[in-house]
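Heads up, work-v5.txt below (compact mmCIF, C-alpha atoms):
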```
# COMPACT_ATOMS: atom_id res chain seq x y z
CA MET F 1 -58.40 191.51 96.39
CA SER F 2 -61.42 189.17 96.45
CA ASP F 3 -63.75 189.14 99.42
CA PHE F 4 -63.80 185.35 99.50
CA VAL F 5 -61.19 182.70 100.12
CA THR F 6 -59.58 181.61 96.86
CA TYR F 7 -58.80 178.01 96.06
CA ALA F 8 -55.20 178.94 95.26
CA SER F 9 -54.73 180.23 98.80
CA LEU F 10 -55.57 176.86 100.34
CA VAL F 11 -52.79 174.48 101.30
CA GLU F 12 -53.27 170.94 102.59
CA GLY F 13 -52.40 170.84 106.27
CA ASP F 14 -53.02 174.53 106.90
CA GLU F 15 -55.16 175.77 109.74
CA PHE F 16 -58.25 177.30 108.09
CA LEU F 17 -59.60 179.01 111.20
CA SER F 18 -56.99 180.70 113.30
CA PRO F 19 -57.79 181.38 116.05
CA PRO F 20 -60.69 178.94 116.51
CA VAL F 21 -64.12 180.55 116.20
CA ARG F 22 -66.14 181.09 119.38
CA PHE F 23 -69.83 180.14 119.76
CA GLU F 24 -71.98 180.68 122.83
CA VAL F 25 -74.53 177.93 123.50
CA ASN F 26 -77.41 179.74 125.15
CA GLN F 27 -81.10 179.04 125.66
CA HIS F 28 -82.12 181.35 122.83
CA VAL F 29 -79.90 179.57 120.29
CA VAL F 30 -81.16 176.17 121.41
CA ASP F 31 -84.83 177.18 121.45
CA ARG F 32 -84.63 178.62 117.95
CA TYR F 33 -82.97 175.45 116.66
CA ILE F 34 -85.52 173.16 118.34
CA ASN F 35 -88.42 175.21 116.99
CA ALA F 36 -87.00 175.32 113.47
CA THR F 37 -86.42 171.57 113.33
CA ASN F 38 -89.54 170.42 115.23
CA ASP F 39 -87.27 168.47 117.58
CA THR F 40 -89.39 166.90 120.32
CA THR F 41 -86.64 164.65 121.72
CA VAL F 42 -87.62 164.07 125.34
CA GLU F 43 -84.04 164.13 126.62
CA LEU F 44 -83.80 167.76 125.57
CA GLN F 45 -86.53 168.63 128.04
CA LYS F 46 -84.55 167.18 130.96
CA VAL F 47 -81.22 167.94 132.58
CA ASP F 48 -78.28 165.54 132.31
CA ALA F 49 -76.58 163.66 135.16
CA GLN F 50 -74.65 166.82 136.07
CA GLY F 51 -77.83 168.90 136.20
CA ASP F 52 -77.05 170.74 132.96
CA SER F 53 -79.47 171.48 130.12
CA ILE F 54 -78.23 169.98 126.90
CA ALA F 55 -78.50 171.08 123.31
CA PRO F 56 -79.67 168.88 120.42
CA PRO F 57 -76.75 166.80 119.13
CA MET F 58 -77.11 168.20 115.61
CA LEU F 59 -76.67 171.75 116.87
CA ALA F 60 -73.17 170.72 115.75
CA ALA F 61 -74.29 171.64 112.24
CA VAL F 62 -74.95 175.18 113.44
CA TYR F 63 -71.77 175.90 115.38
CA VAL F 64 -69.48 174.20 112.87
CA ILE F 65 -70.99 175.91 109.84
CA ASP F 66 -71.14 179.19 111.76
CA ALA F 67 -67.39 178.93 112.25
CA LEU F 68 -66.67 178.01 108.64
CA ARG F 69 -68.82 180.88 107.44
CA THR F 70 -66.27 183.31 108.87
CA ARG F 71 -64.10 182.47 105.84
CA VAL F 72 -66.32 181.79 102.84
CA GLY F 73 -65.40 180.51 99.42
CA PRO F 74 -66.80 181.95 96.18
CA PRO F 75 -70.58 181.90 95.62
CA GLY F 76 -72.04 178.72 94.18
CA GLY F 77 -70.21 176.26 96.42
CA ILE F 78 -72.06 173.10 97.38
CA HIS F 79 -71.94 171.13 100.62
CA ALA F 80 -71.35 167.65 99.21
CA LYS F 81 -70.54 165.38 102.15
CA GLN F 82 -70.47 165.55 105.92
CA ARG F 83 -69.12 163.40 108.70
CA PHE F 84 -69.68 164.08 112.39
CA LYS F 85 -68.52 162.29 115.48
CA LEU F 86 -70.55 163.51 118.41
CA HIS F 87 -68.43 163.07 121.53
CA ARG F 88 -71.20 164.51 123.66
CA PRO F 89 -73.95 167.10 123.29
CA ALA F 90 -73.08 170.71 123.99
CA LYS F 91 -74.60 172.19 127.13
CA ILE F 92 -76.38 175.47 127.58
CA GLY F 93 -73.90 177.92 129.06
CA GLU F 94 -70.85 176.44 127.35
CA THR F 95 -68.58 178.39 125.06
CA LEU F 96 -67.41 176.38 122.07
CA TYR F 97 -64.34 176.91 119.92
CA THR F 98 -64.22 175.38 116.45
CA SER F 99 -61.00 174.87 114.52
CA ALA F 100 -60.63 173.59 110.97
CA THR F 101 -57.74 172.18 108.97
CA VAL F 102 -57.49 171.80 105.21
CA LEU F 103 -57.19 168.05 104.69
CA LYS F 104 -57.36 167.47 100.95
CA LEU F 105 -57.67 169.50 97.76
CA TYR F 106 -58.52 167.73 94.51
CA GLU F 107 -60.31 167.95 91.21
CA ARG F 108 -62.72 165.37 89.83
CA LYS F 109 -64.88 165.57 86.71
CA GLY F 110 -64.14 169.26 86.32
CA ARG F 111 -65.14 170.12 89.88
CA ILE F 112 -62.83 171.29 92.63
CA TYR F 113 -63.25 169.62 96.01
CA VAL F 114 -62.07 170.90 99.37
CA GLU F 115 -62.04 168.61 102.38
CA MET F 116 -61.60 170.03 105.86
CA THR F 117 -61.50 168.42 109.26
CA THR F 118 -63.17 170.30 112.09
CA GLU F 119 -62.87 170.04 115.83
CA THR F 120 -65.04 171.74 118.41
CA LYS F 121 -63.97 171.97 122.05
CA ASN F 122 -65.54 173.72 125.00
CA GLN F 123 -63.98 176.40 127.17
CA THR F 124 -62.02 173.79 129.17
CA GLY F 125 -60.67 172.04 126.09
CA GLU F 126 -63.08 169.09 126.22
CA LEU F 127 -63.76 167.68 122.77
CA ILE F 128 -67.44 168.02 121.84
CA THR F 129 -67.60 167.27 118.11
CA SER F 130 -65.18 166.33 115.35
CA GLY F 131 -66.03 166.24 111.70
CA LEU F 132 -65.05 166.17 108.06
CA ILE F 133 -66.74 168.43 105.55
CA THR F 134 -66.42 168.11 101.78
CA ARG F 135 -67.35 171.13 99.71
CA ILE F 136 -67.48 171.54 95.95
CA TRP F 137 -65.75 174.88 95.52
CA GLY F 138 -67.64 177.64 93.75
CA LYS F 139 -66.34 179.09 90.49
CA GLU F 140 -63.95 182.03 91.02
CA MET P 1 -66.83 136.55 105.05
CA SER P 2 -68.26 137.19 108.48
CA SER P 3 -65.88 138.26 111.20
CA THR P 4 -65.94 136.67 114.65
CA ASN P 5 -66.74 140.03 116.25
CA GLU P 6 -70.00 140.44 114.33
CA LEU P 7 -73.22 139.64 116.14
CA GLN P 8 -76.77 139.16 114.88
CA HIS P 9 -78.49 140.42 118.05
CA PHE P 10 -77.53 142.45 121.09
CA ASN P 11 -79.44 144.14 123.85
CA GLY P 12 -82.75 144.06 121.99
CA PHE P 13 -81.24 145.21 118.70
CA SER P 14 -81.02 142.88 115.68
CA VAL P 15 -79.42 143.06 112.27
CA GLY P 16 -82.15 143.95 109.77
CA ASP P 17 -84.18 146.03 112.23
CA ASP P 18 -85.69 149.18 110.78
CA LEU P 19 -85.32 152.36 112.81
CA PRO P 20 -88.47 154.39 113.38
CA GLU P 21 -89.29 156.26 110.18
CA LEU P 22 -89.77 160.02 110.23
CA ILE P 23 -91.82 161.98 107.74
CA GLU P 24 -91.56 165.75 107.76
CA ALA P 25 -93.09 168.30 105.42
CA VAL P 26 -90.78 171.16 104.52
CA ASP P 27 -92.10 174.57 103.58
CA GLN P 28 -90.55 177.98 103.12
CA ASN P 29 -91.47 178.97 106.67
CA MET P 30 -89.44 176.07 108.04
CA ILE P 31 -86.50 176.93 105.78
CA ASP P 32 -86.68 180.57 106.91
CA ALA P 33 -86.81 179.45 110.55
CA TYR P 34 -83.74 177.25 110.06
CA ALA P 35 -81.93 180.14 108.37
CA ASP P 36 -82.73 182.28 111.38
CA ALA P 37 -81.69 179.57 113.85
CA SER P 38 -78.46 178.69 112.07
CA GLY P 39 -77.48 182.13 110.83
CA ASP P 40 -77.11 180.68 107.32
CA VAL P 41 -78.99 183.31 105.35
CA ASN P 42 -77.64 182.35 101.93
CA PRO P 43 -80.23 183.81 99.49
CA LEU P 44 -80.43 180.43 97.75
CA HIS P 45 -82.45 179.32 100.77
CA ILE P 46 -84.53 182.35 101.60
CA ASP P 47 -84.81 184.66 98.59
CA PRO P 48 -87.14 183.21 95.93
CA GLU P 49 -86.26 185.90 93.36
CA PHE P 50 -82.53 185.27 93.70
CA ALA P 51 -83.00 181.50 93.82
CA LYS P 52 -84.87 181.60 90.50
CA THR P 53 -81.64 182.72 88.84
CA THR P 54 -79.65 179.71 90.10
CA ILE P 55 -79.40 176.20 88.68
CA PHE P 56 -82.02 175.12 91.21
CA GLY P 57 -84.67 177.47 89.80
CA GLY P 58 -86.05 178.20 93.27
CA THR P 59 -85.21 178.10 96.93
CA ILE P 60 -83.92 174.90 98.50
CA ALA P 61 -83.63 173.83 102.12
CA HIS P 62 -80.31 173.81 103.91
CA GLY P 63 -78.82 170.31 103.64
CA LEU P 64 -78.21 170.43 107.36
CA LEU P 65 -81.94 170.87 108.02
CA THR P 66 -82.33 167.38 106.58
CA LEU P 67 -79.61 166.17 108.95
CA ALA P 68 -81.63 167.63 111.82
CA PHE P 69 -84.42 165.22 110.85
CA VAL P 70 -81.89 162.36 110.78
CA SER P 71 -80.74 163.32 114.25
CA ARG P 72 -84.34 163.28 115.51
CA VAL P 73 -84.69 159.68 114.29
CA LEU P 74 -81.43 158.62 115.91
CA SER P 75 -82.23 160.43 119.15
CA ALA P 76 -85.61 158.71 119.39
CA TRP P 77 -84.11 155.32 118.56
CA ASN P 78 -80.98 155.29 120.73
CA TRP P 79 -80.41 158.60 122.49
CA GLN P 80 -77.40 157.57 124.56
CA GLY P 81 -75.58 155.87 121.71
CA TRP P 82 -76.24 158.68 119.26
CA ALA P 83 -75.66 161.76 121.41
CA TYR P 84 -72.63 160.34 123.25
CA GLY P 85 -70.27 158.96 120.63
CA GLY P 86 -72.46 158.58 117.55
CA GLU P 87 -70.85 158.84 114.12
CA LEU P 88 -72.58 160.03 110.96
CA ASP P 89 -71.16 159.89 107.44
CA ILE P 90 -73.44 161.14 104.67
CA VAL P 91 -73.47 162.46 101.14
CA PHE P 92 -75.97 165.06 99.91
CA LEU P 93 -77.48 163.80 96.65
CA GLY P 94 -80.10 166.38 95.80
CA PRO P 95 -82.04 169.38 97.00
CA VAL P 96 -85.08 169.50 99.25
CA ARG P 97 -87.52 172.16 98.05
CA PRO P 98 -90.39 173.95 99.77
CA GLY P 99 -93.42 171.69 99.45
CA ASP P 100 -91.37 168.49 99.59
CA THR P 101 -91.98 165.84 102.21
CA VAL P 102 -88.81 164.25 103.55
CA ARG P 103 -88.88 160.61 104.64
CA VAL P 104 -85.97 159.41 106.79
CA CYS P 105 -85.33 155.66 106.71
CA ALA P 106 -82.58 153.67 108.43
CA LYS P 107 -81.80 150.04 109.10
CA ILE P 108 -79.28 148.10 111.18
CA ASP P 109 -76.83 146.49 108.75
CA ALA P 110 -74.38 145.08 111.28
CA ILE P 111 -73.75 144.73 115.00
CA GLU P 112 -70.08 144.78 115.89
CA GLN P 113 -68.31 143.86 119.09
CA ARG P 114 -65.38 146.23 119.68
CA GLU P 115 -62.95 146.55 122.54
CA ASP P 116 -64.99 149.29 124.19
CA GLY P 117 -68.47 147.92 123.56
CA VAL P 118 -71.01 146.84 120.98
CA TYR P 119 -71.98 149.10 118.10
CA ALA P 120 -74.75 149.10 115.51
CA ARG P 121 -73.84 150.12 111.99
CA CYS P 122 -76.88 151.49 110.17
CA SER P 123 -77.52 152.54 106.61
CA LEU P 124 -79.72 155.58 106.23
CA ALA P 125 -81.41 157.45 103.44
CA CYS P 126 -83.67 160.46 103.15
CA TYR P 127 -86.16 160.59 100.31
CA CYS P 128 -88.37 163.19 98.69
CA GLY P 129 -90.90 160.99 96.95
CA GLU P 130 -88.83 158.26 95.32
CA LYS P 131 -85.72 160.42 95.00
CA ALA P 132 -82.91 159.95 97.54
CA VAL P 133 -81.59 163.31 98.74
CA VAL P 134 -79.22 162.03 101.45
CA LYS P 135 -77.54 158.66 101.88
CA GLY P 136 -75.03 157.46 104.39
CA THR P 137 -74.18 155.44 107.45
CA VAL P 138 -74.45 155.87 111.19
CA ILE P 139 -72.57 154.07 113.92
CA SER P 140 -73.74 154.16 117.50
CA LYS P 141 -73.08 152.21 120.66
CA ILE P 142 -75.95 149.98 121.76
```
Could you spell out this file's structure in structure tokens?
Amino acid sequence: MSDFVTYASLVEGDEFLSPPVRFEVNQHVVDRYINATNDTTVELQKVDAQGDSIAPPMLAAVYVIDALRTRVGPPGGIHAKQRFKLHRPAKIGETLYTSATVLKLYERKGRIYVEMTTETKNQTGELITSGLITRIWGKE
Amino acid sequence: MSSTNELQHFNGFSVGDDLPELIEAVDQNMIDAYADASGDVNPLHIDPEFAKTTIFGGTIAHGLLTLAFVSRVLSAWNWQGWAYGGELDIVFLGPVRPGDTVRVCAKIDAIEQREDGVYARCSLACYCGEKAVVKGTVISKI
């Protein structure tokens, strides 16, 4: 049995992450991201209208990919395209749950493509981010 | 053909406006820091010896590090519209390598009146030198 997800095991419409993958948004995670990306956005140094500290919007790339990494494809895959809709920034102290669904499987010019939709909600079910990721599948 | 819900100007924004440009130098330390922050420790990004054996011939930055630069531009330009409802749709065209300098450019292509407000549609591109490494569009409320 391979230790990666095989293309043959994927079916359009299937849940790819079941149950959704949990991610804790804490100060350490946010600080590391801000430092790594040199993000000096002033709004990140304030609290929002509810008095909460917010995370950079593109932390989405971290919690979504973190979730997808729990079920990896074969080595050599390439992240080809990405869509995100940012419903609102995550807040420090929230717990996020990311789900993913296989949307489309196809071959083009000898390459295999896998498209998945993703949805990230917080602990109360509020939608934080939705997305569509297109990966060129690695050779098995 | 122009639609009746397309505007040329709104709220200080105009079609053709350039967004503030961002220029960021990428080195292996930054890539390592992003790997640490994101948990994506794929050796293609952080192990020069391994990366030499791949088609890239050396380490490359995470594509999503480049999107972090895009997000910095959009946050500085229109925080509310980007962070609360912004939409990004991009394609990765090529690698960013240690030593590259990434330039993020974006421009308002259209301003659209919708039922729930007015939105700017922007084209964006990230370049290393003359080579585009990311291209796409962004939509945000203005």
Any chance you could tabulate, as a Markdown table, the residues of chain F at most 9 Å from chain P with each one's nearest atom pair and distance in Å to one decimal, using all atoms listed in the file, in chain and rising number order?
```
| residue | atom | partner | partner_atom | distance |
| --- | --- | --- | --- | --- |
| F:Val29 | CA | P:Ala37 | CA | 6.7 |
| F:Val30 | CA | P:Ala37 | CA | 8.3 |
| F:Asp31 | CA | P:Ala37 | CA | 8.6 |
| F:Arg32 | CA | P:Ala37 | CA | 5.1 |
| F:Tyr33 | CA | P:Ala37 | CA | 5.1 |
| F:Ile34 | CA | P:Ala37 | CA | 8.7 |
| F:Asn35 | CA | P:Ala33 | CA | 7.9 |
| F:Ala36 | CA | P:Ala33 | CA | 5.1 |
| F:Thr37 | CA | P:Ala68 | CA | 6.4 |
| F:Asn38 | CA | P:Phe69 | CA | 8.5 |
| F:Asp39 | CA | P:Arg72 | CA | 6.3 |
| F:Thr40 | CA | P:Arg72 | CA | 7.9 |
| F:Thr41 | CA | P:Ala76 | CA | 6.5 |
| F:Val42 | CA | P:Ala76 | CA | 8.3 |
| F:Glu43 | CA | P:Trp79 | CA | 7.8 |
| F:Pro56 | CA | P:Ala83 | CA | 8.2 |
| F:Pro57 | CA | P:Ala83 | CA | 5.6 |
| F:Met58 | CA | P:Ala68 | CA | 5.9 |
| F:Leu59 | CA | P:Ala68 | CA | 8.2 |
| F:Ala61 | CA | P:Leu64 | CA | 6.4 |
| F:Val62 | CA | P:Ser38 | CA | 5.1 |
| F:Tyr63 | CA | P:Ser38 | CA | 8.0 |
| F:Ile65 | CA | P:Asp40 | CA | 8.2 |
| F:Asp66 | CA | P:Gly39 | CA | 7.1 |
| F:Arg69 | CA | P:Asp40 | CA | 8.3 |
| F:Gly76 | CA | P:Thr54 | CA | 8.7 |
| F:His79 | CA | P:Phe92 | CA | 7.3 |
| F:Ala80 | CA | P:Phe92 | CA | 5.3 |
| F:Lys81 | CA | P:Val91 | CA | 4.3 |
| F:Gln82 | CA | P:Ile90 | CA | 5.5 |
| F:Arg83 | CA | P:Asp89 | CA | 4.3 |
| F:Phe84 | CA | P:Leu88 | CA | 5.2 |
| F:Lys85 | CA | P:Glu87 | CA | 4.4 |
| F:Leu86 | CA | P:Gly85 | CA | 5.1 |
| F:His87 | CA | P:Gly85 | CA | 4.6 |
| F:Arg88 | CA | P:Tyr84 | CA | 4.4 |
| F:Pro89 | CA | P:Ala83 | CA | 5.9 |
| F:Leu132 | CA | P:Asp89 | CA | 8.8 |
```
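The residue that comes closest to P:Arg97, out of P:Cys128, P:Val15, P:Leu7, P:Ile142 and on the basis of only C-alpha atoms, is P:Cys128.
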Open item on the list: Just checking: using all atoms listed in the file, which residue out of F:Pro20, F:Glu107, F:Ser99, F:Pro75 ends up closest to F:Thr6?
Closed with: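 Distance minimum relative to F:Thr6 lands on F:Pro75.
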Task: Minimum-distance residue to F:Val72, chosen among F:Tyr106, F:Phe4, F:Phe23, F:Trp137 (using all atoms listed in the file) - done: F:Phe4
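For the atom pair formed by atom CA of P:Arg114 and atom CA of P:Gln8, the distance is 14.2 Å, given to one decimal.
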Task: Residue neighbourhood F:Leu44, 8 Å, only C-alpha atoms, exclusion window fewer than 5 positions, as an MDAnalysis selection string - done: chainID F and resid 53:56
TODO: Measure the distance from atom CA of P:Pro95 to atom CA of P:Thr59 in Å and round it to one decimal.
DONE: 9.3 Å
